[in-house]
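The file my_file_13.cif comes next; it holds mmCIF, C-alpha atoms.
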```
data_model
loop_
_atom_site.group_PDB
_atom_site.id
_atom_site.type_symbol
_atom_site.label_atom_id
_atom_site.label_comp_id
_atom_site.auth_asym_id
_atom_site.auth_seq_id
_atom_site.Cartn_x
_atom_site.Cartn_y
_atom_site.Cartn_z
ATOM 1 C CA MET D 1 0.000 0.000 0.000
ATOM 2 C CA LYS D 2 2.877 2.357 0.820
ATOM 3 C CA LYS D 3 4.487 1.644 -2.571
ATOM 4 C CA PHE D 4 1.176 2.378 -4.304
ATOM 5 C CA ASN D 5 0.906 5.788 -2.594
ATOM 6 C CA ILE D 6 4.481 6.646 -3.551
ATOM 7 C CA ILE D 7 3.883 5.659 -7.181
ATOM 8 C CA LEU D 8 0.596 7.584 -7.261
ATOM 9 C CA GLY D 9 2.293 10.661 -5.794
ATOM 10 C CA LEU D 10 5.123 10.402 -8.296
ATOM 11 C CA ILE D 11 2.659 10.184 -11.193
ATOM 12 C CA GLY D 12 0.869 13.261 -9.840
ATOM 13 C CA VAL D 13 4.097 15.266 -9.577
ATOM 14 C CA ILE D 14 5.147 14.271 -13.100
ATOM 15 C CA GLY D 15 1.682 15.202 -14.388
ATOM 16 C CA LEU D 16 1.850 18.634 -12.748
ATOM 17 C CA ALA D 17 5.373 19.222 -14.041
ATOM 18 C CA PHE D 18 4.227 18.325 -17.556
ATOM 19 C CA PHE D 19 1.162 20.575 -17.307
ATOM 20 C CA PHE D 20 3.049 23.613 -16.034
ATOM 21 C CA GLY D 21 6.007 22.964 -18.308
ATOM 22 C CA THR D 22 3.912 22.974 -21.464
ATOM 23 C CA ALA D 23 1.342 25.629 -20.523
ATOM 24 C CA ASP D 24 1.743 29.068 -22.053
ATOM 25 C CA HIS D 25 2.298 31.325 -19.061
ATOM 26 C CA LYS D 26 1.806 34.516 -21.000
ATOM 27 C CA VAL D 27 -1.476 36.326 -21.143
ATOM 28 C CA ASP D 28 -2.108 37.169 -24.760
ATOM 29 C CA CYS D 29 -2.340 40.948 -24.540
ATOM 30 C CA GLU D 30 -3.385 41.436 -28.113
ATOM 31 C CA SER D 31 -6.317 39.054 -27.670
ATOM 32 C CA LEU D 32 -7.373 40.829 -24.479
ATOM 33 C CA LYS D 33 -7.213 44.210 -26.165
ATOM 34 C CA GLN D 34 -8.958 43.014 -29.324
ATOM 35 C CA ASN D 35 -11.776 41.433 -27.321
ATOM 36 C CA GLU D 36 -12.289 44.622 -25.350
ATOM 37 C CA LYS D 37 -11.984 46.802 -28.445
ATOM 38 C CA SER D 38 -14.739 44.849 -30.168
ATOM 39 C CA ASP D 39 -17.128 45.375 -27.250
ATOM 40 C CA GLU D 40 -19.760 48.077 -27.383
ATOM 41 C CA TYR D 41 -21.865 49.021 -24.394
ATOM 42 C CA SER D 42 -23.847 51.884 -22.980
ATOM 43 C CA GLY D 43 -26.030 52.288 -19.926
ATOM 44 C CA VAL D 44 -26.342 53.285 -16.289
ATOM 45 C CA ILE D 45 -24.453 51.292 -13.664
ATOM 46 C CA ILE D 46 -26.953 49.604 -11.349
ATOM 47 C CA GLU D 47 -24.516 47.243 -9.648
ATOM 48 C CA LYS D 48 -20.787 46.587 -9.415
ATOM 49 C CA TYR D 49 -19.057 43.898 -7.427
ATOM 50 C CA ILE D 50 -16.251 41.378 -7.279
ATOM 51 C CA ASP D 51 -17.818 37.990 -7.966
ATOM 52 C CA GLN D 52 -16.292 35.712 -5.344
ATOM 53 C CA ASP D 53 -17.997 32.657 -6.847
ATOM 54 C CA GLN D 54 -16.506 33.262 -10.310
ATOM 55 C CA HIS D 55 -12.742 33.651 -9.878
ATOM 56 C CA MET D 56 -13.020 37.127 -8.298
ATOM 57 C CA TYR D 57 -14.154 38.697 -11.584
ATOM 58 C CA GLU D 58 -14.822 42.428 -11.453
ATOM 59 C CA LYS D 59 -18.374 42.785 -12.765
ATOM 60 C CA VAL D 60 -20.356 45.873 -13.667
ATOM 61 C CA ILE D 61 -24.088 45.552 -14.381
ATOM 62 C CA LEU D 62 -25.580 48.140 -16.738
ATOM 63 C CA ASP D 63 -29.234 49.029 -17.060
ATOM 64 C CA LYS D 64 -29.892 49.474 -20.734
ATOM 65 C CA SER D 65 -32.953 49.480 -22.844
ATOM 66 C CA PRO D 66 -34.057 46.705 -23.042
ATOM 67 C CA GLY D 67 -32.626 44.624 -20.197
ATOM 68 C CA THR D 68 -29.211 44.632 -18.594
ATOM 69 C CA ASP D 69 -25.635 44.106 -19.721
ATOM 70 C CA VAL D 70 -22.755 42.543 -17.760
ATOM 71 C CA ILE D 71 -19.299 44.044 -18.243
ATOM 72 C CA LEU D 72 -16.297 41.988 -17.067
ATOM 73 C CA LEU D 73 -13.176 43.981 -16.289
ATOM 74 C CA ASP D 74 -10.754 41.090 -15.811
ATOM 75 C CA TRP D 75 -7.094 41.936 -16.383
ATOM 76 C CA GLU D 76 -7.961 45.654 -16.601
ATOM 77 C CA THR D 77 -5.373 47.585 -14.547
ATOM 78 C CA SER D 78 -6.009 51.311 -14.980
ATOM 79 C CA GLY D 79 -8.252 51.473 -11.907
ATOM 80 C CA PHE D 80 -11.400 51.848 -13.980
ATOM 81 C CA PHE D 81 -13.428 49.423 -11.838
ATOM 82 C CA ASP D 82 -12.525 51.326 -8.657
ATOM 83 C CA PHE D 83 -13.336 54.648 -10.325
ATOM 84 C CA LEU D 84 -16.869 53.609 -11.300
ATOM 85 C CA LYS D 85 -19.829 54.267 -9.005
ATOM 86 C CA ILE D 86 -23.409 53.063 -9.057
ATOM 87 C CA GLY D 87 -25.457 55.626 -10.970
ATOM 88 C CA ASP D 88 -22.672 56.535 -13.418
ATOM 89 C CA SER D 89 -23.585 56.469 -17.090
ATOM 90 C CA ILE D 90 -20.972 54.831 -19.289
ATOM 91 C CA SER D 91 -20.589 54.344 -23.008
ATOM 92 C CA LYS D 92 -17.968 52.520 -25.080
ATOM 93 C CA ASN D 93 -17.805 52.417 -28.854
ATOM 94 C CA PRO D 94 -16.369 49.482 -30.803
ATOM 95 C CA ASN D 95 -12.756 49.687 -32.075
ATOM 96 C CA SER D 96 -11.719 51.725 -29.047
ATOM 97 C CA LEU D 97 -10.355 51.235 -25.539
ATOM 98 C CA GLN D 98 -11.846 54.534 -24.361
ATOM 99 C CA VAL D 99 -14.937 54.623 -22.171
ATOM 100 C CA ASN D 100 -16.955 57.779 -21.527
ATOM 101 C CA VAL D 101 -18.187 58.141 -17.950
ATOM 102 C CA TRP D 102 -20.799 60.717 -16.958
ATOM 103 C CA ARG D 103 -21.206 61.556 -13.281
ATOM 104 C CA ASN D 104 -22.797 64.660 -11.788
ATOM 105 C CA ASP D 105 -22.636 66.617 -15.067
ATOM 106 C CA LYS D 106 -18.947 65.749 -15.493
ATOM 107 C CA ASP D 107 -17.711 63.848 -18.520
ATOM 108 C CA THR D 108 -14.602 61.705 -18.059
ATOM 109 C CA ILE D 109 -12.867 59.695 -20.757
ATOM 110 C CA TYR D 110 -11.115 56.627 -19.373
ATOM 111 C CA THR D 111 -8.625 54.579 -21.404
ATOM 112 C CA LEU D 112 -8.646 50.900 -20.468
ATOM 113 C CA GLU D 113 -5.299 49.211 -19.789
ATOM 114 C CA PHE D 114 -4.532 45.527 -19.318
ATOM 115 C CA TYR D 115 -2.092 43.491 -17.239
ATOM 116 C CA CYS D 116 0.013 41.394 -19.540
ATOM 117 C CA LEU D 117 2.894 39.188 -18.478
ATOM 118 C CA GLU D 118 4.893 39.731 -21.633
ATOM 119 C CA GLU D 119 5.045 43.444 -20.799
ATOM 120 C CA THR D 120 6.530 42.790 -17.348
ATOM 121 C CA ASN D 121 9.445 40.491 -18.292
ATOM 122 C CA CYS D 122 7.951 37.803 -16.043
ATOM 123 C CA LEU D 123 7.772 34.217 -17.204
ATOM 124 C CA LYS D 124 9.093 35.005 -20.671
ATOM 125 C CA LYS D 125 9.929 32.057 -22.847
#
```

Output the file's structure as structure tokens, nothing else.
Amino acid sequence: MKKFNIILGLIGVIGLAFFFGTADHKVDCESLKQNEKSDEYSGVIIEKYIDQDQHMYEKVILDKSPGTDVILLDWETSGFFDFLKIGDSISKNPNSLQVNVWRNDKDTIYTLEFYCLEETNCLKK
């Protein structure tokens, strides 16, 4: 039984080493930016929260006509999520990383930025 546990543990370690050795550790910045650029949204923020059940995603819920829209701000690093408040009106056009935010008769243009490993010299291949 002891030999079996050792062999099973060894197989597990080899499997993990293989998985992490072959996985691409870089976040594909261009894909992140292209996905966000293609998005278009507009509405009033009715809710914003960090979804603890879904990998701590930063979620913003917009009231739009008709229905609602969910905006995920994963990998976004400019502080945009923290800047937003319930009641803000936001609008983003396609082919852009700029979001207009209206709050108390003030118009702010926010440029979205993304955390990308290849830009930090970490885990480069």

Just say which residues the PyMOL selection byres ((chain D and resi 76) around 12) picks in this file, as a ChimeraX atom specification.
-> /D:29,32-33,36,57-59,71-75,77-82,97,110-116

Could you expand the PyMOL selection byres ((chain D and resi 92) around 12) into the explicit residues it covers here, written as a VMD selection string?
-> chain D and resid 36 to 43 71 89 to 91 93 to 102 109 to 112

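Take atom CA of Arg103 of chain D and atom CA of Gln34 of chain D: the distance between them is 27.4 Å.
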
Got a sec to resolve the PyMOL selection byres ((chain D and resi 46) around 12) on this structure and send the residues as a ChimeraX atom specification?
-> /D:43-45,47-49,59-64,67-71,84-90

Edge lengths and centre in Å to one decimal, as AutoDock Vina command-line options, of the axis-aligned box that encloses all listed atoms of segment 29-33 of chain D with 6 Å added on every side?
```
--center_x -4.9 --center_y 41.6 --center_z -26.3 --size_x 17.0 --size_y 17.2 --size_z 15.6
```

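Across the structure, atom CA of Met56 of chain D and atom CA of Thr108 of chain D are spaced 26.5 Å apart.
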